[in-house]
file target.csv (CSV, C-alpha atoms)
chain,number,residue,atom,x,y,z
A,1140,ASN,CA,-44.8,-106.0,-188.4
A,1141,ALA,CA,-41.7,-104.5,-190.0
A,1142,GLY,CA,-39.9,-106.5,-192.6
A,1143,VAL,CA,-36.1,-106.7,-193.1
A,1144,MET,CA,-34.7,-103.2,-192.8
A,1145,GLN,CA,-31.6,-102.2,-194.6
A,1146,ASN,CA,-29.8,-98.9,-194.4
A,1147,PRO,CA,-28.6,-96.8,-195.9
A,1148,ARG,CA,-30.6,-97.4,-199.1
A,1149,HIS,CA,-27.9,-95.5,-201.1
A,1150,LEU,CA,-24.3,-94.9,-200.2
A,1151,VAL,CA,-21.7,-93.1,-202.2
A,1152,ARG,CA,-18.0,-93.6,-201.3
A,1153,ARG,CA,-14.7,-92.6,-202.9
A,1154,ARG,CA,-12.1,-95.2,-203.6
A,1155,GLY,CA,-10.2,-96.1,-200.4
A,1156,GLN,CA,-13.0,-95.2,-198.0
A,1157,GLU,CA,-15.0,-97.7,-195.9
A,1158,ALA,CA,-18.6,-98.7,-196.4
A,1159,ARG,CA,-20.8,-100.0,-193.7
A,1160,LEU,CA,-24.2,-101.6,-194.5
A,1161,ARG,CA,-26.7,-102.4,-191.8
A,1162,CYS,CA,-29.4,-105.0,-191.7
A,1163,SER,CA,-32.1,-105.5,-189.1
A,1164,PRO,CA,-33.8,-108.9,-189.7
A,1165,MET,CA,-37.5,-109.4,-189.3
A,1166,LYS,CA,-38.6,-109.7,-185.7
A,1167,GLY,CA,-37.9,-113.2,-184.3
A,1168,HIS,CA,-35.6,-114.1,-187.2
A,1169,SER,CA,-32.1,-115.3,-186.2
A,1170,HIS,CA,-30.6,-116.2,-189.6
A,1171,VAL,CA,-29.2,-113.5,-191.8
A,1172,TYR,CA,-27.8,-113.8,-195.3
A,1173,TRP,CA,-26.0,-111.2,-197.4
A,1174,TYR,CA,-26.1,-111.3,-201.2
A,1175,ARG,CA,-24.6,-109.0,-203.8
A,1176,GLN,CA,-26.2,-108.1,-207.1
A,1177,LEU,CA,-24.5,-106.6,-210.0
A,1178,PRO,CA,-26.5,-105.0,-212.9
A,1179,GLU,CA,-28.3,-107.6,-215.0
A,1180,GLU,CA,-27.0,-110.4,-212.8
A,1181,GLY,CA,-28.6,-112.6,-210.2
A,1182,LEU,CA,-27.8,-112.5,-206.5
A,1183,LYS,CA,-24.4,-113.9,-205.4
A,1184,PHE,CA,-24.3,-115.4,-202.0
A,1185,MET,CA,-21.7,-113.8,-199.7
A,1186,VAL,CA,-22.2,-114.8,-196.1
A,1187,TYR,CA,-24.6,-116.6,-193.7
A,1188,LEU,CA,-24.7,-115.6,-190.1
A,1189,GLN,CA,-26.6,-116.5,-186.9
A,1190,LYS,CA,-26.4,-114.5,-183.8
A,1191,GLU,CA,-22.7,-114.0,-182.9
A,1192,ASN,CA,-21.6,-116.7,-185.4
A,1193,ILE,CA,-20.5,-116.8,-189.0
A,1194,ILE,CA,-21.9,-120.0,-190.4
A,1195,ASP,CA,-20.7,-119.8,-194.0
A,1196,GLU,CA,-18.6,-117.1,-195.5
A,1197,SER,CA,-17.6,-119.0,-198.7
A,1198,GLY,CA,-18.9,-116.2,-200.9
A,1199,MET,CA,-17.0,-113.4,-199.2
A,1200,PRO,CA,-13.9,-111.9,-200.9
A,1201,LYS,CA,-10.9,-112.9,-198.8
A,1202,GLU,CA,-9.8,-109.3,-198.3
A,1203,ARG,CA,-11.5,-106.0,-197.3
A,1204,PHE,CA,-14.9,-107.6,-196.6
A,1205,SER,CA,-16.2,-108.6,-193.2
A,1206,ALA,CA,-19.6,-109.3,-191.7
A,1207,GLU,CA,-21.0,-109.6,-188.2
A,1208,PHE,CA,-24.3,-110.2,-186.4
A,1209,PRO,CA,-23.8,-109.3,-182.8
A,1210,LYS,CA,-26.0,-110.4,-179.9
A,1211,GLU,CA,-27.6,-107.0,-179.9
A,1212,GLY,CA,-28.1,-104.7,-182.9
A,1213,PRO,CA,-28.2,-105.2,-186.6
A,1214,SER,CA,-26.0,-107.3,-188.8
A,1215,ILE,CA,-23.2,-105.2,-190.4
A,1216,LEU,CA,-21.5,-105.8,-193.7
A,1217,ARG,CA,-18.2,-103.9,-193.8
A,1218,ILE,CA,-16.2,-103.1,-196.9
A,1219,GLN,CA,-12.8,-101.5,-196.3
A,1220,GLN,CA,-10.8,-99.6,-198.9
A,1221,VAL,CA,-13.6,-99.7,-201.4
A,1222,VAL,CA,-12.8,-100.0,-205.1
A,1223,ARG,CA,-15.0,-99.3,-208.1
A,1224,GLY,CA,-15.7,-103.0,-208.6
A,1225,ASP,CA,-17.5,-103.0,-205.2
A,1226,SER,CA,-20.3,-100.9,-206.7
A,1227,ALA,CA,-23.4,-103.1,-206.5
A,1228,ALA,CA,-26.7,-103.6,-204.7
A,1229,TYR,CA,-26.2,-105.5,-201.4
A,1230,PHE,CA,-29.2,-107.4,-200.2
A,1231,CYS,CA,-29.8,-108.8,-196.8
A,1232,ALA,CA,-32.3,-111.6,-196.1
A,1233,SER,CA,-33.5,-113.2,-192.9
A,1234,SER,CA,-35.2,-116.4,-192.0
A,1235,PRO,CA,-36.7,-117.7,-188.8
A,1236,PRO,CA,-34.9,-119.9,-186.3
A,1237,GLY,CA,-35.3,-123.6,-186.1
A,1238,ARG,CA,-35.5,-125.9,-189.1
A,1239,ASN,CA,-34.2,-123.9,-192.0
A,1240,THR,CA,-36.8,-124.2,-194.7
A,1241,GLY,CA,-34.9,-121.7,-196.8
A,1242,GLU,CA,-37.7,-119.2,-197.0
A,1243,LEU,CA,-35.9,-115.9,-197.2
A,1244,PHE,CA,-37.3,-112.5,-196.6
A,1245,PHE,CA,-35.3,-109.8,-198.4
A,1246,GLY,CA,-34.8,-106.2,-197.5
A,1247,GLU,CA,-34.9,-103.5,-200.2
A,1248,GLY,CA,-31.1,-103.4,-200.5
A,1249,SER,CA,-28.3,-101.0,-200.1
A,1250,ARG,CA,-26.9,-99.5,-203.3
A,1251,LEU,CA,-23.2,-98.7,-203.1
A,1252,THR,CA,-21.6,-96.5,-205.6
A,1253,VAL,CA,-17.9,-96.1,-205.5
A,1254,LEU,CA,-16.5,-93.0,-207.3
B,1244,THR,CA,-20.5,-119.9,-215.2
B,1245,GLN,CA,-23.8,-119.9,-213.5
B,1246,LEU,CA,-24.9,-123.0,-211.5
B,1247,LEU,CA,-28.5,-122.2,-212.6
B,1248,GLU,CA,-29.1,-121.1,-216.1
B,1249,GLN,CA,-32.2,-119.1,-216.8
B,1250,SER,CA,-33.7,-118.6,-220.2
B,1251,PRO,CA,-34.6,-116.5,-221.9
B,1252,GLN,CA,-32.7,-113.6,-220.5
B,1253,PHE,CA,-35.3,-111.1,-221.6
B,1254,LEU,CA,-38.9,-111.5,-222.6
B,1255,SER,CA,-41.3,-108.9,-223.9
B,1256,ILE,CA,-44.9,-109.8,-224.5
B,1257,GLN,CA,-48.3,-108.2,-224.9
B,1258,GLU,CA,-50.9,-108.2,-222.2
B,1259,GLY,CA,-53.0,-111.4,-222.4
B,1260,GLU,CA,-50.3,-113.6,-223.9
B,1261,ASN,CA,-48.8,-116.6,-222.1
B,1262,LEU,CA,-45.1,-117.0,-221.3
B,1263,THR,CA,-42.8,-119.6,-219.9
B,1264,VAL,CA,-39.4,-119.1,-218.3
B,1265,TYR,CA,-36.9,-121.8,-217.6
B,1266,CYS,CA,-34.3,-122.6,-215.0
B,1267,ASN,CA,-31.8,-125.4,-215.7
B,1268,SER,CA,-28.9,-127.0,-214.1
B,1269,SER,CA,-26.7,-130.1,-214.2
B,1270,SER,CA,-26.9,-130.2,-210.4
B,1271,VAL,CA,-29.6,-131.8,-208.3
B,1272,PHE,CA,-31.4,-129.6,-205.8
B,1273,SER,CA,-33.2,-130.5,-202.7
B,1274,SER,CA,-35.5,-127.6,-203.3
B,1275,LEU,CA,-36.0,-124.7,-205.7
B,1276,GLN,CA,-37.5,-121.3,-205.3
B,1277,TRP,CA,-38.9,-118.6,-207.6
B,1278,TYR,CA,-38.7,-114.9,-206.8
B,1279,ARG,CA,-39.9,-111.8,-208.5
B,1280,GLN,CA,-37.9,-108.6,-208.1
B,1281,GLU,CA,-39.0,-105.2,-209.1
B,1282,PRO,CA,-36.7,-102.2,-209.8
B,1283,GLY,CA,-35.3,-100.8,-206.6
B,1284,GLU,CA,-36.6,-103.5,-204.4
B,1285,GLY,CA,-35.6,-106.8,-203.0
B,1286,PRO,CA,-36.7,-110.2,-204.4
B,1287,VAL,CA,-40.1,-111.5,-203.1
B,1288,LEU,CA,-40.6,-115.2,-202.8
B,1289,LEU,CA,-43.3,-116.7,-205.0
B,1290,VAL,CA,-43.0,-120.4,-204.4
B,1291,THR,CA,-40.8,-123.2,-203.1
B,1292,VAL,CA,-40.9,-126.6,-204.7
B,1293,VAL,CA,-39.3,-129.6,-203.1
B,1294,THR,CA,-40.5,-132.8,-204.8
B,1295,GLY,CA,-39.4,-134.0,-208.2
B,1296,GLY,CA,-42.3,-133.6,-210.6
B,1297,GLU,CA,-44.1,-131.2,-208.3
B,1298,VAL,CA,-46.5,-128.7,-209.9
B,1299,LYS,CA,-47.7,-125.7,-207.9
B,1300,LYS,CA,-50.3,-123.1,-209.0
B,1301,LEU,CA,-50.5,-119.6,-207.7
B,1302,LYS,CA,-53.4,-117.9,-209.5
B,1303,ARG,CA,-52.1,-117.4,-213.1
B,1304,LEU,CA,-48.7,-118.7,-212.3
B,1305,THR,CA,-47.8,-122.4,-212.6
B,1306,PHE,CA,-44.5,-123.7,-211.3
B,1307,GLN,CA,-43.0,-127.1,-212.1
B,1308,PHE,CA,-40.0,-128.9,-210.6
B,1309,GLY,CA,-38.4,-131.4,-213.0
B,1310,ASP,CA,-38.6,-135.1,-212.1
B,1311,ALA,CA,-34.8,-135.3,-211.6
B,1312,ARG,CA,-34.9,-132.0,-209.5
B,1313,LYS,CA,-32.4,-130.4,-211.9
B,1314,ASP,CA,-34.7,-127.9,-213.6
B,1315,SER,CA,-37.9,-125.9,-213.2
B,1316,SER,CA,-40.2,-123.8,-215.2
B,1317,LEU,CA,-42.6,-120.9,-214.5
B,1318,HIS,CA,-45.6,-120.4,-216.7
B,1319,ILE,CA,-47.7,-117.3,-216.6
B,1320,THR,CA,-51.2,-117.4,-218.2
B,1321,ALA,CA,-52.8,-114.3,-219.6
B,1322,ALA,CA,-50.0,-112.0,-218.5
B,1323,GLN,CA,-50.7,-108.6,-217.1
B,1324,PRO,CA,-48.6,-105.5,-216.8
B,1325,GLY,CA,-48.3,-106.1,-213.1
B,1326,ASP,CA,-46.4,-109.3,-213.9
B,1327,THR,CA,-43.5,-107.2,-215.2
B,1328,GLY,CA,-40.3,-107.8,-213.2
B,1329,LEU,CA,-37.1,-109.8,-212.9
B,1330,TYR,CA,-37.9,-113.5,-212.2
B,1331,LEU,CA,-35.2,-115.3,-210.3
B,1332,CYS,CA,-34.8,-119.0,-209.6
B,1333,ALA,CA,-32.8,-120.2,-206.6
B,1334,GLY,CA,-31.8,-123.7,-205.8
B,1335,ARG,CA,-30.5,-125.3,-202.6
B,1336,MET,CA,-28.1,-128.1,-203.3
B,1337,THR,CA,-28.6,-131.4,-201.5
B,1338,THR,CA,-25.1,-131.0,-200.0
B,1339,ASP,CA,-26.0,-127.6,-198.3
B,1340,SER,CA,-27.5,-128.8,-195.1
B,1341,TRP,CA,-28.2,-125.4,-193.7
B,1342,GLY,CA,-30.0,-124.1,-196.7
B,1343,LYS,CA,-27.8,-121.8,-198.8
B,1344,PHE,CA,-29.6,-120.9,-202.0
B,1345,GLN,CA,-27.8,-120.2,-205.3
B,1346,PHE,CA,-29.5,-117.8,-207.7
B,1347,GLY,CA,-29.7,-117.7,-211.4
B,1348,ALA,CA,-29.1,-114.5,-213.4
B,1349,GLY,CA,-32.8,-114.0,-213.9
B,1350,THR,CA,-35.3,-113.5,-216.7
B,1351,GLN,CA,-36.5,-109.9,-217.3
B,1352,VAL,CA,-40.2,-110.0,-218.2
B,1353,VAL,CA,-41.9,-106.9,-219.7
B,1354,VAL,CA,-45.7,-107.0,-220.2
B,1355,THR,CA,-47.0,-104.2,-222.2
B,1356,PRO,CA,-50.7,-103.1,-222.2
call {"tool": "encode", "arguments": {"input": "target.csv", "output": "structure tokens"}}
result
Amino acid sequence: NAGVMQNPRHLVRRRGQEARLRCSPMKGHSHVYWYRQLPEEGLKFMVYLQKENIIDESGMPKERFSAEFPKEGPSILRIQQVVRGDSAAYFCASSPPGRNTGELFFGEGSRLTVL
Amino acid sequence: TQLLEQSPQFLSIQEGENLTVYCNSSSVFSSLQWYRQEPGEGPVLLVTVVTGGEVKKLKRLTFQFGDARKDSSLHITAAQPGDTGLYLCAGRMTTDSWGKFQFGAGTQVVVTP
């Protein structure tokens, strides 16, 4: 009974490159959330997706960041032309369909380092 | 500024002592959660409280939701080294119908043997 799977766990990119972070929700879960965590800070909401739909992207930077959750396959958080300020831990969480009780199951995170 | 203010930011205690961490806001929340996060891992949900004044106990952990649903506290009795971690509160505002949770910055708790 696998939990939320994120990969890669660690990613190093040079400024200007692209970063792609993947998240496979728990089996049967149809809600996916992405959060960003900077050192010694809490989690900042980025985006909430259901299958093939972006429900709320109010926490996403307007440029360079995008997210998708296709009908088949994992959710992807994509960061284009990365800058040093993008270095952070990116966490994905999922929750089951139906009435959203807010119970979130988090993955172990993807740690992005931009050189 | 944080929507949820957690205090203290850091707490170091000896095994066997008690501790309380706080989560405060000027906003009203429909529900509030507490998570614990260990280094290199994702947060793990400890409890969800939804009713003003609600108290929940989980072994040595006691969670309280304020009457006005603006604040919460987590009390740990007889702390153990295994309680070490970053404790995060997260609140869902009444206006967020689909359940987005906003997180506080966390309280880092260190329990030494």
call {"tool": "closest_atom_pairs", "arguments": {"input": "target.csv", "of": "chain A", "to": "chain B", "cutoff": "10 Å", "atoms": "all atoms listed in the file", "output": "tab-separated table"}}
result
residue	atom	partner	partner_atom	distance
A:Val1143	CA	B:Gly1285	CA	9.9
A:Arg1148	CA	B:Gly1283	CA	9.5
A:Tyr1172	CA	B:Lys1343	CA	8.7
A:Tyr1174	CA	B:Phe1346	CA	9.8
A:Gln1176	CA	B:Ala1348	CA	9.4
A:Leu1177	CA	B:Ala1348	CA	9.8
A:Pro1178	CA	B:Ala1348	CA	9.9
A:Glu1179	CA	B:Ala1348	CA	7.1
A:Glu1180	CA	B:Ala1348	CA	4.6
A:Gly1181	CA	B:Ala1348	CA	3.8
A:Leu1182	CA	B:Phe1346	CA	5.7
A:Lys1183	CA	B:Phe1346	CA	6.8
A:Phe1184	CA	B:Gln1345	CA	6.8
A:Val1186	CA	B:Lys1343	CA	9.4
A:Tyr1187	CA	B:Lys1343	CA	8.0
A:Ile1194	CA	B:Trp1341	CA	8.9
A:Asp1195	CA	B:Lys1343	CA	8.8
A:Ala1228	CA	B:Gly1283	CA	9.2
A:Tyr1229	CA	B:Gly1285	CA	9.6
A:Phe1230	CA	B:Gly1285	CA	7.0
A:Cys1231	CA	B:Gly1285	CA	8.7
A:Ala1232	CA	B:Gly1285	CA	9.0
A:Arg1238	CA	B:Trp1341	CA	8.6
A:Asn1239	CA	B:Gly1342	CA	6.3
A:Thr1240	CA	B:Gly1342	CA	7.1
A:Gly1241	CA	B:Gly1342	CA	5.5
A:Glu1242	CA	B:Leu1288	CA	7.6
A:Leu1243	CA	B:Leu1288	CA	7.3
A:Phe1244	CA	B:Val1287	CA	7.1
A:Phe1245	CA	B:Gly1285	CA	5.5
A:Gly1246	CA	B:Gly1285	CA	5.6
A:Glu1247	CA	B:Gly1285	CA	4.4
A:Gly1248	CA	B:Gly1285	CA	6.2
A:Ser1249	CA	B:Gly1283	CA	9.6
A:Arg1250	CA	B:Gly1283	CA	9.1
call {"tool": "residues_around", "arguments": {"input": "target.csv", "residues": "Arg1154 of chain A", "least_positions_apart": "5", "cutoff": "9 Å", "atoms": "all atoms listed in the file", "output": "number ranges by chain"}}
result
A: 1220-1223, 1253-1254
call {"tool": "residues_around", "arguments": {"input": "target.csv", "residues": "segment 1262-1264 of chain B", "least_positions_apart": "2", "cutoff": "10 Å", "atoms": "all atoms listed in the file", "output": "PyMOL selection string"}}
result
chain B and resi 1249-1256+1259-1260+1266+1304-1306+1315-1322+1330-1332+1349-1352
call {"tool": "atom_distance", "arguments": {"input": "target.csv", "atom1": "atom CA of Gln1323 of chain B", "atom2": "atom CA of Lys1300 of chain B"}}
result
16.6 Å
call {"tool": "residues_near_point", "arguments": {"input": "target.csv", "point": "(-23.5, -114.4, -187.7)", "cutoff": "9 Å", "atoms": "all atoms listed in the file", "output": "list in words"}}
result
Ser1169, His1170, Val1171, Tyr1172, Val1186, Tyr1187, Leu1188, Gln1189, Lys1190, Glu1191, Asn1192, Ile1193, Ile1194, Asp1195, Ala1206, Glu1207, Phe1208, Pro1209 and Ser1214 of chain A
call {"tool": "atom_distance", "arguments": {"input": "target.csv", "atom1": "atom CA of Gly1198 of chain A", "atom2": "atom CA of Leu1216 of chain A"}}
result
12.9 Å
call {"tool": "atom_distance", "arguments": {"input": "target.csv", "atom1": "atom CA of Lys1299 of chain B", "atom2": "atom CA of Gln1257 of chain B"}}
result
24.4 Å
call {"tool": "residues_around", "arguments": {"input": "target.csv", "residues": "segment 1162-1165 of chain A", "least_positions_apart": "5", "cutoff": "6 Å", "atoms": "all atoms listed in the file", "output": "ChimeraX atom specification"}}
result
/A:1142-1145,1213-1214,1233
call {"tool": "residues_around", "arguments": {"input": "target.csv", "residues": "Asp1314 of chain B", "least_positions_apart": "4", "cutoff": "8 Å", "atoms": "all atoms listed in the file", "output": "MDAnalysis selection string"}}
result
chainID B and resid 1265:1268 1308:1309
call {"tool": "residues_around", "arguments": {"input": "target.csv", "residues": "Arg1312 of chain B", "least_positions_apart": "6", "cutoff": "6 Å", "atoms": "all atoms listed in the file", "output": "list of chain:residue names"}}
result
B:Val1271, B:Phe1272, B:Gly1295
call {"tool": "closest_residue", "arguments": {"input": "target.csv", "among": "A:Pro1200, A:Pro1236, A:Gly1224, A:Pro1147", "to": "Met1185 of chain A", "atoms": "all atoms listed in the file"}}
result
A:Pro1200
call {"tool": "closest_residue", "arguments": {"input": "target.csv", "among": "A:Glu1196, A:Gly1212, A:Phe1204, A:Pro1235", "to": "Arg1161 of chain A", "atoms": "all atoms listed in the file"}}
result
A:Gly1212
call {"tool": "closest_residue", "arguments": {"input": "target.csv", "among": "B:Glu1248, B:Glu1297, B:Asp1326, B:Asp1310", "to": "Thr1355 of chain B", "atoms": "only C-alpha atoms"}}
result
B:Asp1326
